[in-house]
file input07.txt (compact mmCIF, C-alpha atoms)
# COMPACT_ATOMS: atom_id res chain seq x y z
CA MET A 1 0.00 0.00 0.00
CA TYR A 2 3.01 2.30 0.35
CA THR A 3 4.51 1.65 -3.08
CA GLU A 4 3.43 5.09 -4.40
CA LEU A 5 5.17 6.80 -1.48
CA GLU A 6 8.41 5.05 -2.36
CA LYS A 7 8.45 6.45 -5.90
CA THR A 8 10.37 9.68 -6.32
CA PRO A 9 8.59 11.90 -8.88
CA ARG A 10 10.62 13.19 -11.80
CA ASN A 11 11.87 16.75 -11.54
CA VAL A 12 13.91 19.05 -13.75
CA LEU A 13 16.71 21.32 -12.54
CA VAL A 14 18.56 23.61 -14.95
CA CYS A 15 21.76 25.25 -13.67
CA GLU A 16 23.46 28.21 -15.29
CA LYS A 17 26.50 30.30 -14.42
CA SER A 18 27.14 33.76 -15.82
CA ASN A 19 28.25 37.27 -14.91
CA PHE A 20 26.16 40.44 -14.67
CA GLU A 21 28.68 42.23 -16.87
CA ASN A 22 28.36 39.62 -19.63
CA GLU A 23 26.36 41.07 -22.52
CA LYS A 24 24.95 37.62 -23.31
CA ALA A 25 23.66 37.02 -19.78
CA ARG A 26 20.01 35.92 -19.92
CA LEU A 27 18.97 36.56 -16.34
CA SER A 28 16.60 39.44 -17.10
CA SER A 29 14.78 37.29 -19.67
CA HIS A 30 14.40 34.38 -17.23
CA VAL A 31 13.01 36.67 -14.54
CA GLU A 32 10.65 38.51 -16.90
CA GLN A 33 9.15 35.28 -18.28
CA HIS A 34 8.34 33.76 -14.89
CA TYR A 35 5.07 35.66 -14.68
CA PHE A 36 3.18 34.46 -11.61
CA ASN A 37 5.18 34.51 -8.37
CA HIS A 38 3.80 34.23 -4.84
CA LYS A 39 6.92 34.35 -2.66
CA VAL A 40 10.48 35.65 -2.76
CA SER A 41 12.99 34.63 -0.09
CA VAL A 42 16.35 36.29 0.47
CA LEU A 43 19.24 35.04 2.62
CA LEU A 44 21.99 37.50 3.59
CA PRO A 45 24.87 35.87 5.51
CA GLU A 46 26.67 37.99 8.10
CA CYS A 47 23.85 40.53 8.19
CA ASP A 48 21.50 41.40 11.06
CA ALA A 49 19.30 44.13 9.53
CA LEU A 50 18.03 45.08 6.10
CA PRO A 51 20.08 47.87 4.52
CA PRO A 52 17.87 50.92 3.84
CA HIS A 53 18.01 50.49 0.05
CA LEU A 54 16.76 46.88 0.30
CA ASP A 55 14.07 47.78 2.81
CA LYS A 56 12.85 50.50 0.45
CA VAL A 57 12.60 48.25 -2.61
CA LEU A 58 10.87 45.44 -0.71
CA ASN A 59 8.26 47.83 0.60
CA SER A 60 7.65 49.35 -2.82
CA PHE A 61 6.52 46.17 -4.61
CA SER A 62 3.36 46.76 -6.64
CA SER A 63 0.02 46.30 -4.91
CA PHE A 64 -2.52 43.88 -6.37
CA TYR A 65 -6.27 43.31 -6.35
CA LEU A 66 -8.40 40.33 -5.38
CA VAL A 67 -11.55 40.46 -7.50
CA LYS A 68 -14.41 38.13 -6.55
CA SER A 69 -16.50 36.20 -9.11
CA LEU A 70 -15.09 38.00 -12.15
CA PRO A 71 -16.40 36.67 -15.50
CA VAL A 72 -13.54 35.83 -17.87
CA TYR A 73 -15.18 37.75 -20.73
CA GLU A 74 -14.62 41.02 -18.83
CA LEU A 75 -10.93 40.71 -19.70
CA LEU A 76 -11.88 40.84 -23.40
CA GLU A 77 -14.05 43.94 -23.35
CA LYS A 78 -12.92 46.58 -25.84
CA ASP A 79 -12.11 49.37 -23.37
CA PHE A 80 -10.19 47.06 -21.04
CA LEU A 81 -8.20 45.59 -23.91
CA GLU A 82 -7.24 48.91 -25.45
CA THR A 83 -6.37 50.85 -22.30
CA VAL A 84 -5.03 48.10 -20.03
CA VAL A 85 -4.13 44.80 -21.75
CA TYR A 86 -2.51 46.22 -24.90
CA LYS A 87 -0.30 48.50 -22.79
CA GLY A 88 1.49 45.45 -21.37
CA SER A 89 2.55 44.41 -17.84
CA THR A 90 -0.95 43.23 -16.89
CA TYR A 91 -1.06 40.09 -14.74
CA CYS A 92 -4.25 38.22 -13.96
CA LEU A 93 -4.51 34.74 -12.42
CA SER A 94 -7.51 32.77 -11.19
CA TYR A 95 -7.34 32.43 -7.42
CA ARG A 96 -7.73 29.20 -5.44
CA THR A 97 -8.38 27.12 -8.53
CA ARG A 98 -6.58 23.76 -8.70
CA ILE A 99 -4.81 23.15 -11.99
CA ASP A 100 -5.40 19.39 -11.87
CA GLU A 101 -9.09 19.58 -10.91
CA ASP A 102 -10.63 22.97 -11.72
CA ASN A 103 -10.86 25.31 -14.68
CA THR A 104 -7.89 27.68 -14.35
CA PHE A 105 -7.30 30.98 -16.17
CA ALA A 106 -4.48 33.44 -16.68
CA LEU A 107 -3.96 36.68 -18.58
CA LEU A 108 -0.26 37.09 -19.35
CA PRO A 109 1.58 40.43 -19.70
CA SER A 110 2.20 39.46 -23.33
CA ALA A 111 -1.59 39.82 -23.85
CA LYS A 112 -2.17 36.08 -24.14
CA LEU A 113 -5.21 34.55 -22.47
CA VAL A 114 -4.70 30.97 -21.24
CA LEU A 115 -7.65 28.75 -20.32
CA SER A 116 -6.85 25.34 -18.81
CA VAL A 117 -10.22 23.57 -18.73
CA ASP A 118 -11.77 20.13 -18.34
CA LYS A 119 -13.15 18.20 -21.31
CA ASP A 120 -16.79 19.13 -20.71
CA THR A 121 -15.99 22.86 -20.51
CA TYR A 122 -13.81 22.66 -23.63
CA GLU A 123 -16.56 21.03 -25.69
CA ARG A 124 -19.20 23.50 -24.52
CA LEU A 125 -17.01 26.51 -25.31
CA GLY A 126 -16.35 25.36 -28.86
CA LEU A 127 -12.99 27.14 -29.01
CA GLU A 128 -9.83 25.83 -30.64
CA GLY A 129 -7.30 24.39 -28.22
CA LYS A 130 -5.06 21.39 -27.68
CA PRO A 131 -4.99 18.47 -25.25
CA SER A 132 -3.01 19.13 -22.10
CA CYS A 133 0.49 17.65 -22.25
CA TYR A 134 -0.13 16.09 -18.84
CA SER A 135 -3.65 14.73 -19.25
CA GLN A 136 -4.10 10.98 -18.96
CA LYS A 137 -5.76 9.05 -21.80
CA PRO A 138 -8.57 9.43 -22.58
CA VAL A 139 -7.89 13.17 -22.66
CA SER A 140 -9.62 14.96 -19.79
CA ARG A 141 -8.06 18.44 -19.95
CA TYR A 142 -7.47 20.97 -22.72
CA VAL A 143 -5.54 24.24 -22.99
CA VAL A 144 -6.87 27.18 -25.00
CA THR A 145 -4.37 29.99 -25.70
CA VAL A 146 -5.60 33.20 -27.32
CA ASP A 147 -3.23 35.92 -28.53
CA LEU A 148 -5.25 39.06 -27.88
CA LYS A 149 -2.82 41.13 -29.96
CA ASP A 150 -3.32 39.00 -33.05
CA ARG A 151 -4.83 40.95 -35.96
CA GLY A 152 -7.76 38.54 -36.06
CA MET A 153 -8.53 39.35 -32.43
CA ALA A 154 -9.04 43.10 -32.90
CA PRO A 155 -12.08 44.28 -30.90
CA GLY A 156 -15.21 43.99 -33.02
CA GLY A 157 -13.61 41.55 -35.45
CA HIS A 158 -14.85 38.05 -36.16
CA GLY A 159 -12.26 36.27 -33.98
CA HIS A 160 -12.83 38.56 -31.04
CA GLN A 161 -16.60 38.27 -31.26
CA ARG A 162 -16.44 34.49 -31.45
CA ILE A 163 -14.44 34.18 -28.22
CA LEU A 164 -16.49 36.87 -26.50
CA THR A 165 -19.71 35.03 -27.40
CA ALA A 166 -18.30 31.71 -26.15
CA LEU A 167 -17.30 33.18 -22.80
CA ARG A 168 -20.29 35.45 -22.32
CA GLU A 169 -23.18 33.43 -23.77
CA GLN A 170 -22.28 29.80 -24.43
CA LEU A 171 -20.53 29.24 -21.09
CA PRO A 172 -20.00 32.32 -18.86
CA LEU A 173 -16.93 31.14 -16.95
CA GLN A 174 -16.00 33.09 -13.85
CA SER A 175 -13.56 32.90 -10.96
CA ASP A 176 -11.95 34.92 -8.21
CA PHE A 177 -8.87 36.59 -9.72
CA LEU A 178 -5.62 38.15 -8.58
CA LEU A 179 -5.02 41.20 -10.77
CA ALA A 180 -2.06 43.57 -10.98
CA LYS A 181 -0.61 46.18 -13.31
CA HIS A 182 3.03 47.18 -13.08
CA ASP A 183 2.40 50.78 -14.20
CA SER A 184 0.60 52.36 -11.23
CA ALA A 185 -0.67 55.24 -13.38
CA LEU A 186 -2.50 52.79 -15.64
CA GLN A 187 -3.63 50.84 -12.60
CA GLU A 188 -5.53 53.92 -11.48
CA GLY A 189 -6.96 54.53 -14.96
CA GLY A 190 -10.58 54.51 -15.99
CA ALA A 191 -10.89 51.03 -17.52
CA MET A 192 -9.32 49.27 -14.54
CA GLN A 193 -11.43 51.18 -12.03
CA SER A 194 -14.54 50.68 -14.15
CA LEU A 195 -14.02 46.92 -14.07
CA LEU A 196 -13.40 46.89 -10.32
CA SER A 197 -16.48 49.00 -9.63
CA ARG A 198 -18.76 46.26 -10.99
CA TYR A 199 -17.50 43.54 -8.65
CA GLU A 200 -16.46 42.91 -5.08
CA TRP A 201 -12.76 43.63 -4.76
CA SER A 202 -10.01 44.42 -2.27
CA GLU A 203 -6.54 45.89 -2.66
CA HIS A 204 -3.53 44.22 -1.05
CA ARG A 205 0.10 45.00 -0.41
CA PRO A 206 2.75 42.24 -0.48
CA GLN A 207 3.72 41.18 3.04
CA VAL A 208 7.34 41.45 4.17
CA ASN A 209 8.80 39.35 7.00
CA SER A 210 12.33 38.99 8.29
CA ASN A 211 14.25 37.39 11.12
CA VAL A 212 17.86 36.93 12.17
CA LEU A 213 19.45 33.48 12.37
CA MET A 214 22.36 33.06 14.78
CA ALA A 215 25.36 30.76 14.28
CA LEU A 216 24.17 29.48 10.90
CA PRO A 217 26.13 26.59 9.32
CA CYS A 218 26.64 27.39 5.61
CA PRO A 219 27.88 25.19 2.76
CA PRO A 220 31.05 26.15 0.88
CA LEU A 221 30.41 28.15 -2.30
CA LEU A 222 33.02 29.10 -4.89
CA SER A 223 31.74 31.18 -7.80
CA SER A 224 33.74 29.22 -10.38
CA ASP A 225 32.49 25.82 -9.16
CA LEU A 226 28.79 25.63 -10.06
CA ARG A 227 28.67 21.82 -10.29
CA GLY A 228 30.42 21.24 -7.00
CA ASP A 229 33.34 19.38 -8.56
CA HIS A 230 35.93 21.02 -6.34
CA GLU A 231 35.30 23.20 -3.29
CA SER A 232 31.57 23.99 -3.59
CA CYS A 233 28.73 21.66 -2.66
CA ASP A 234 26.67 20.22 -5.51
CA PRO A 235 23.48 22.03 -6.72
CA GLN A 236 20.99 19.52 -5.27
CA SER A 237 22.61 19.64 -1.82
CA PHE A 238 22.78 23.43 -1.86
CA LEU A 239 19.11 23.83 -2.84
CA GLU A 240 18.08 21.32 -0.19
CA TRP A 241 19.98 23.32 2.41
CA LEU A 242 18.56 26.62 1.17
CA GLY A 243 15.04 25.19 1.27
CA ALA A 244 15.58 23.94 4.81
CA ILE A 245 16.68 27.41 5.92
CA ASP A 246 13.63 29.00 4.29
CA ALA A 247 11.35 26.47 5.98
CA GLY A 248 12.90 27.10 9.39
CA ILE A 249 14.44 23.61 9.66
CA SER A 250 17.48 23.37 11.89
CA CYS A 251 20.70 22.14 10.31
CA HIS A 252 22.36 21.28 13.63
CA ASN A 253 21.06 17.66 13.80
CA ARG A 254 20.71 17.66 17.57
CA THR A 255 20.57 14.15 18.99
CA SER A 256 17.88 15.24 21.45
CA GLY A 257 15.26 15.66 18.74
CA PHE A 258 13.87 13.46 16.01
CA LEU A 259 11.95 15.95 13.88
CA SER A 260 14.91 16.42 11.57
CA THR A 261 18.30 14.78 11.09
CA PHE A 262 19.26 17.20 8.32
CA ILE A 263 22.74 18.67 8.44
CA CYS A 264 24.51 21.34 6.42
CA PRO A 265 26.60 20.02 3.50
CA GLU A 266 30.24 19.69 4.46
CA PRO A 267 32.77 21.14 4.78
CA GLU A 268 30.62 23.80 6.41
CA THR A 269 31.47 27.33 7.44
CA LEU A 270 29.77 29.15 10.27
CA ALA A 271 28.10 32.52 9.75
CA SER A 272 27.86 34.35 13.04
CA GLN A 273 24.46 35.61 11.92
CA ALA A 274 22.29 35.76 8.82
CA LEU A 275 19.19 37.67 7.82
CA ARG A 276 16.31 35.69 6.32
CA CYS A 277 13.75 37.88 4.59
CA SER A 278 10.65 37.03 2.56
CA ILE A 279 7.90 38.85 0.69
CA SER A 280 4.64 37.21 -0.40
CA GLY A 281 1.65 38.13 -2.56
CA LEU A 282 1.21 38.48 -6.32
CA LEU A 283 4.79 39.53 -7.06
CA LEU A 284 5.57 41.02 -10.45
CA PRO A 285 8.74 40.16 -12.39
CA GLU A 286 9.57 43.85 -12.84
CA ASP A 287 9.69 44.32 -9.05
CA ILE A 288 11.71 41.13 -8.57
CA TYR A 289 14.36 42.20 -11.07
CA ARG A 290 14.57 45.60 -9.37
CA LEU A 291 15.22 43.72 -6.11
CA VAL A 292 17.99 41.73 -7.82
CA GLU A 293 19.64 44.96 -8.94
CA GLU A 294 19.48 46.33 -5.40
CA LEU A 295 20.90 43.09 -3.98
CA ARG A 296 23.96 43.64 -6.16
CA ARG A 297 24.56 46.85 -4.22
CA PHE A 298 24.81 44.77 -1.04
CA PHE A 299 28.43 44.09 -2.01
CA ASP A 300 29.30 47.78 -2.51
CA GLN A 301 30.18 48.17 1.14
CA PRO A 302 32.82 45.95 2.78
CA LYS A 303 31.06 42.82 4.00
CA ARG A 304 32.14 39.61 5.62
CA THR A 305 30.28 37.48 3.09
CA SER A 306 31.10 36.73 -0.54
CA TRP A 307 27.61 35.58 -1.59
CA LEU A 308 23.88 35.93 -0.99
CA ALA A 309 20.87 33.98 -2.24
CA LEU A 310 17.37 34.70 -3.54
CA THR A 311 14.61 32.18 -4.32
CA VAL A 312 11.41 32.93 -6.25
CA HIS A 313 8.43 30.57 -5.95
CA GLY A 314 5.79 30.42 -8.68
CA PHE A 315 2.13 29.70 -7.97
CA MET A 316 1.62 25.93 -7.78
CA ASP A 317 -1.66 26.10 -9.70
CA SER A 318 -0.72 28.57 -12.41
CA PRO A 319 -1.48 27.23 -15.92
CA VAL A 320 1.99 28.37 -17.06
CA SER A 321 5.47 28.40 -15.56
CA TRP A 322 7.92 30.24 -17.87
CA GLY A 323 6.35 32.15 -20.76
CA THR A 324 3.51 30.09 -22.21
CA MET A 325 5.03 26.74 -21.15
CA GLU A 326 2.24 24.60 -19.72
CA HIS A 327 2.45 23.92 -16.00
CA GLY A 328 0.91 21.00 -14.12
CA PHE A 329 0.73 19.90 -10.51
CA LEU A 330 0.98 16.10 -10.11
CA LYS A 331 2.51 15.82 -6.59
CA GLY A 332 3.97 19.24 -5.87
CA GLY A 333 3.35 21.85 -8.56
CA GLU A 334 6.81 23.28 -7.99
CA ASN A 335 8.15 25.90 -10.36
CA PHE A 336 10.85 28.12 -8.91
CA TYR A 337 14.24 29.64 -9.48
CA SER A 338 17.10 30.37 -7.09
CA LEU A 339 19.78 32.93 -7.68
CA VAL A 340 23.16 33.07 -5.94
CA LEU A 341 24.97 36.39 -6.29
CA PHE A 342 28.71 36.69 -5.72
CA GLN A 343 30.90 39.62 -4.85
CA ASN A 344 32.77 39.40 -8.19
CA HIS A 345 29.48 39.91 -10.17
CA ASP A 346 29.20 36.22 -11.02
CA TYR A 347 25.85 34.56 -10.43
CA TRP A 348 24.41 31.07 -10.38
CA LEU A 349 20.87 30.49 -11.57
CA TYR A 350 18.92 27.35 -10.69
CA MET A 351 15.54 26.82 -12.39
CA GLY A 352 13.41 23.95 -11.12
CA THR A 353 10.11 22.35 -12.14
CA GLY A 354 8.22 19.20 -11.27
CA SER A 355 7.02 16.20 -13.23
CA ASN A 356 4.25 17.96 -15.15
CA ASP A 357 6.39 20.68 -16.71
CA GLY A 358 8.67 21.16 -19.64
CA CYS A 359 12.34 22.04 -19.29
CA PRO A 360 12.90 25.64 -18.09
CA PRO A 361 14.35 27.94 -20.78

call {"tool": "encode", "arguments": {"input": "input07.txt", "output": "structure tokens"}}
result
Amino acid sequence: MYTELEKTPRNVLVCEKSNFENEKARLSSHVEQHYFNHKVSVLLPECDALPPHLDKVLNSFSSFYLVKSLPVYELLEKDFLETVVYKGSTYCLSYRTRIDEDNTFALLPSAKLVLSVDKDTYERLGLEGKPSCYSQKPVSRYVVTVDLKDRGMAPGGHGHQRILTALREQLPLQSDFLLAKHDSALQEGGAMQSLLSRYEWSEHRPQVNSNVLMALPCPPLLSSDLRGDHESCDPQSFLEWLGAIDAGISCHNRTSGFLSTFICPEPETLASQALRCSISGLLLPEDIYRLVEELRRFFDQPKRTSWLALTVHGFMDSPVSWGTMEHGFLKGGENFYSLVLFQNHDYWLYMGTGSNDGCPP
């Protein structure tokens, strides 16, 4: 009866090393394409308080809205398309919908609408889509992707009217949505406020938390040794340690307790203190990349550490992970990336997904 528990699900981990001063570095592209993020964690060794410039950027992340029972067709209305969606940087994700059980929706900043729906919903809508890559046979889930900037989707045109009719008359799908716009001026504009005024909504600010860890065992990290062939620990061991720190799991392996026997990868070094900071909500890629740029400034002043780490967690039930790449849940729904920044401007990037995902870019 425990055979399923013994099976380790497949996962994908892509590791990349580069330098911020390298013109071919792809970090900004990776960050920008990971659209739907719910948590960012930062670990600063040998630090006991957030520097003012980091505190400022963390507390200036964009606010977001929770809109209750919003019909999907509202996202296709002419005024909303022309004054909000077409301007870019609009993020909209169905809230508390389960990607493996419910109909799930997302509006991407690239103006693509993604509908991940069950077979019955797909047939009733009558829209063109494709079977989910992770649906068991017989096919039980389909994905419909609509490019709202396509010429055939111009408001009032045949393509636009067909989808609008399907979502408004044939099957008026609706859900609670998380909605955000990177440009605050547009966020306060008429079309956005007009949409909000017709439904129950609330505005939220991302929540910031931090605490200081004392006498923290840390694994050895050498910027030139990404694979852990020489002095650094290997990527899997490092990410396991980083995840344990984020989850508040002790790495001391005290013999008096049996909750965890986890220890820091060896040979370990001891940080006298470390600051663990997190921010949670609907976190936009533009704000995350601005945080990365500010983290680089952490090394401007003389410090006793040569590295720091940042981890970004995507929503487990988002229909996409990177770009328009289909995302599934299976056993964990993980889609994340971790970034290690070094004093010499090198960085390591780890991108991880679970079994029901393609390979990160």

call {"tool": "residues_around", "arguments": {"input": "input07.txt", "residues": "A:Ser89", "least_positions_apart": "3", "cutoff": "7 Å", "atoms": "all atoms listed in the file", "output": "list in words"}}
result
Pro109, Lys181 and His182 of chain A

call {"tool": "residues_around", "arguments": {"input": "input07.txt", "residues": "A:Val72", "least_positions_apart": "3", "cutoff": "8 Å", "atoms": "only C-alpha atoms", "output": "PyMOL selection string"}}
result
chain A and resi 75-76+167+172-175

call {"tool": "residues_around", "arguments": {"input": "input07.txt", "residues": "A:His313", "least_positions_apart": "6", "cutoff": "9 Å", "atoms": "all atoms listed in the file", "output": "number ranges by chain"}}
result
A: 36-41, 334-338

call {"tool": "closest_residue", "arguments": {"input": "input07.txt", "among": "A:Gly358, A:Pro265, A:Pro206, A:Gly352", "to": "A:Val57", "atoms": "all atoms listed in the file"}}
result
A:Pro206

call {"tool": "closest_residue", "arguments": {"input": "input07.txt", "among": "A:Val143, A:Val12, A:Met351, A:Cys47", "to": "A:Val320", "atoms": "all atoms listed in the file"}}
result
A:Val143

call {"tool": "residues_around", "arguments": {"input": "input07.txt", "residues": "A:Gly243", "least_positions_apart": "5", "cutoff": "12 Å", "atoms": "all atoms listed in the file", "output": "JSON, numbers by chain"}}
result
{"A": [41, 42, 43, 236, 237, 238, 248, 249, 250, 251, 262, 264, 276, 309, 310, 311, 312, 313, 336, 337, 338]}

call {"tool": "residues_around", "arguments": {"input": "input07.txt", "residues": "stretch 215-231 of chain A", "least_positions_apart": "3", "cutoff": "8 Å", "atoms": "all atoms listed in the file", "output": "VMD selection string"}}
result
chain A and resid 15 to 17 234 to 235 238 251 to 252 264 to 274 307 342 346 to 348

call {"tool": "closest_residue", "arguments": {"input": "input07.txt", "among": "A:Glu294, A:Leu242, A:Leu196, A:Lys56", "to": "A:Val340", "atoms": "all atoms listed in the file"}}
result
A:Leu242

call {"tool": "atom_distance", "arguments": {"input": "input07.txt", "atom1": "atom CA of A:Ser232", "atom2": "atom CA of A:Asn11"}}
result
22.4 Å

call {"tool": "atom_distance", "arguments": {"input": "input07.txt", "atom1": "atom CA of A:Met214", "atom2": "atom CA of A:Asp48"}}
result
9.2 Å

call {"tool": "closest_residue", "arguments": {"input": "input07.txt", "among": "A:Gly323, A:Leu195, A:Asp120, A:Leu44", "to": "A:Asn211", "atoms": "all atoms listed in the file"}}
result
A:Leu44

call {"tool": "closest_residue", "arguments": {"input": "input07.txt", "among": "A:Leu330, A:Leu58, A:Ile99, A:Ala247", "to": "A:Asn209", "atoms": "only C-alpha atoms"}}
result
A:Leu58

call {"tool": "closest_residue", "arguments": {"input": "input07.txt", "among": "A:Asp150, A:Arg168, A:Lys119, A:Arg297", "to": "A:His345", "atoms": "only C-alpha atoms"}}
result
A:Arg297

call {"tool": "atom_distance", "arguments": {"input": "input07.txt", "atom1": "atom CA of A:Asp100", "atom2": "atom CA of A:Phe64"}}
result
25.3 Å

call {"tool": "decode", "arguments": {"input": "input07.txt", "residues": "stretch 142-162 of chain A", "atoms": "N, CA, C and O atoms", "output": "mmCIF file, in the first residue's frame"}}
result
data_model
loop_
_atom_site.group_PDB
_atom_site.id
_atom_site.type_symbol
_atom_site.label_atom_id
_atom_site.label_comp_id
_atom_site.auth_asym_id
_atom_site.auth_seq_id
_atom_site.Cartn_x
_atom_site.Cartn_y
_atom_site.Cartn_z
ATOM 1 N N TYR A 142 -7.915 20.274 -21.516
ATOM 2 C CA TYR A 142 -7.467 20.970 -22.720
ATOM 3 C C TYR A 142 -6.961 22.359 -22.345
ATOM 4 O O TYR A 142 -7.370 22.938 -21.328
ATOM 5 N N VAL A 143 -6.080 22.887 -23.189
ATOM 6 C CA VAL A 143 -5.541 24.236 -22.989
ATOM 7 C C VAL A 143 -5.877 25.087 -24.210
ATOM 8 O O VAL A 143 -5.559 24.715 -25.342
ATOM 9 N N VAL A 144 -6.540 26.214 -23.954
ATOM 10 C CA VAL A 144 -6.868 27.176 -25.005
ATOM 11 C C VAL A 144 -6.006 28.417 -24.790
ATOM 12 O O VAL A 144 -6.033 29.015 -23.704
ATOM 13 N N THR A 145 -5.223 28.795 -25.788
ATOM 14 C CA THR A 145 -4.370 29.986 -25.703
ATOM 15 C C THR A 145 -4.788 30.969 -26.788
ATOM 16 O O THR A 145 -4.809 30.619 -27.971
ATOM 17 N N VAL A 146 -5.121 32.184 -26.389
ATOM 18 C CA VAL A 146 -5.600 33.204 -27.323
ATOM 19 C C VAL A 146 -4.650 34.399 -27.281
ATOM 20 O O VAL A 146 -4.441 34.997 -26.219
ATOM 21 N N ASP A 147 -4.090 34.739 -28.427
ATOM 22 C CA ASP A 147 -3.225 35.920 -28.527
ATOM 23 C C ASP A 147 -4.123 37.124 -28.797
ATOM 24 O O ASP A 147 -4.607 37.326 -29.908
ATOM 25 N N LEU A 148 -4.328 37.927 -27.770
ATOM 26 C CA LEU A 148 -5.252 39.058 -27.878
ATOM 27 C C LEU A 148 -4.695 40.193 -28.736
ATOM 28 O O LEU A 148 -5.434 41.119 -29.085
ATOM 29 N N LYS A 149 -3.412 40.120 -29.078
ATOM 30 C CA LYS A 149 -2.816 41.133 -29.959
ATOM 31 C C LYS A 149 -2.805 40.699 -31.419
ATOM 32 O O LYS A 149 -2.380 41.459 -32.291
ATOM 33 N N ASP A 150 -3.259 39.478 -31.671
ATOM 34 C CA ASP A 150 -3.321 39.000 -33.051
ATOM 35 C C ASP A 150 -4.291 39.867 -33.858
ATOM 36 O O ASP A 150 -5.318 40.319 -33.339
ATOM 37 N N ARG A 151 -3.985 40.085 -35.129
ATOM 38 C CA ARG A 151 -4.831 40.950 -35.964
ATOM 39 C C ARG A 151 -6.268 40.436 -36.029
ATOM 40 O O ARG A 151 -7.219 41.202 -36.068
ATOM 41 N N GLY A 152 -6.426 39.118 -36.006
ATOM 42 C CA GLY A 152 -7.760 38.539 -36.064
ATOM 43 C C GLY A 152 -8.552 38.692 -34.781
ATOM 44 O O GLY A 152 -9.749 38.385 -34.743
ATOM 45 N N MET A 153 -7.855 39.176 -33.725
ATOM 46 C CA MET A 153 -8.529 39.354 -32.435
ATOM 47 C C MET A 153 -8.837 40.811 -32.137
ATOM 48 O O MET A 153 -9.158 41.160 -30.999
ATOM 49 N N ALA A 154 -8.740 41.680 -33.115
ATOM 50 C CA ALA A 154 -9.045 43.099 -32.903
ATOM 51 C C ALA A 154 -10.489 43.247 -32.426
ATOM 52 O O ALA A 154 -11.389 42.561 -32.921
ATOM 53 N N PRO A 155 -10.720 44.094 -31.419
ATOM 54 C CA PRO A 155 -12.078 44.281 -30.898
ATOM 55 C C PRO A 155 -13.082 44.574 -32.008
ATOM 56 O O PRO A 155 -12.853 45.432 -32.864
ATOM 57 N N GLY A 156 -14.181 43.828 -32.008
ATOM 58 C CA GLY A 156 -15.207 43.987 -33.015
ATOM 59 C C GLY A 156 -15.049 43.061 -34.200
ATOM 60 O O GLY A 156 -15.994 42.862 -34.970
ATOM 61 N N GLY A 157 -13.858 42.465 -34.351
ATOM 62 C CA GLY A 157 -13.608 41.553 -35.453
ATOM 63 C C GLY A 157 -14.240 40.186 -35.211
ATOM 64 O O GLY A 157 -14.731 39.884 -34.121
ATOM 65 N N HIS A 158 -14.192 39.351 -36.235
ATOM 66 C CA HIS A 158 -14.848 38.050 -36.160
ATOM 67 C C HIS A 158 -14.252 37.165 -35.057
ATOM 68 O O HIS A 158 -14.983 36.547 -34.275
ATOM 69 N N GLY A 159 -12.907 37.107 -34.985
ATOM 70 C CA GLY A 159 -12.263 36.270 -33.982
ATOM 71 C C GLY A 159 -12.580 36.709 -32.572
ATOM 72 O O GLY A 159 -12.871 35.890 -31.686
ATOM 73 N N HIS A 160 -12.533 38.020 -32.359
ATOM 74 C CA HIS A 160 -12.832 38.565 -31.037
ATOM 75 C C HIS A 160 -14.276 38.290 -30.645
ATOM 76 O O HIS A 160 -14.572 37.887 -29.514
ATOM 77 N N GLN A 161 -15.192 38.493 -31.556
ATOM 78 C CA GLN A 161 -16.601 38.270 -31.261
ATOM 79 C C GLN A 161 -16.891 36.797 -30.970
ATOM 80 O O GLN A 161 -17.720 36.484 -30.104
ATOM 81 N N ARG A 162 -16.212 35.921 -31.670
ATOM 82 C CA ARG A 162 -16.439 34.492 -31.448
ATOM 83 C C ARG A 162 -16.050 34.089 -30.029
ATOM 84 O O ARG A 162 -16.788 33.376 -29.350
#
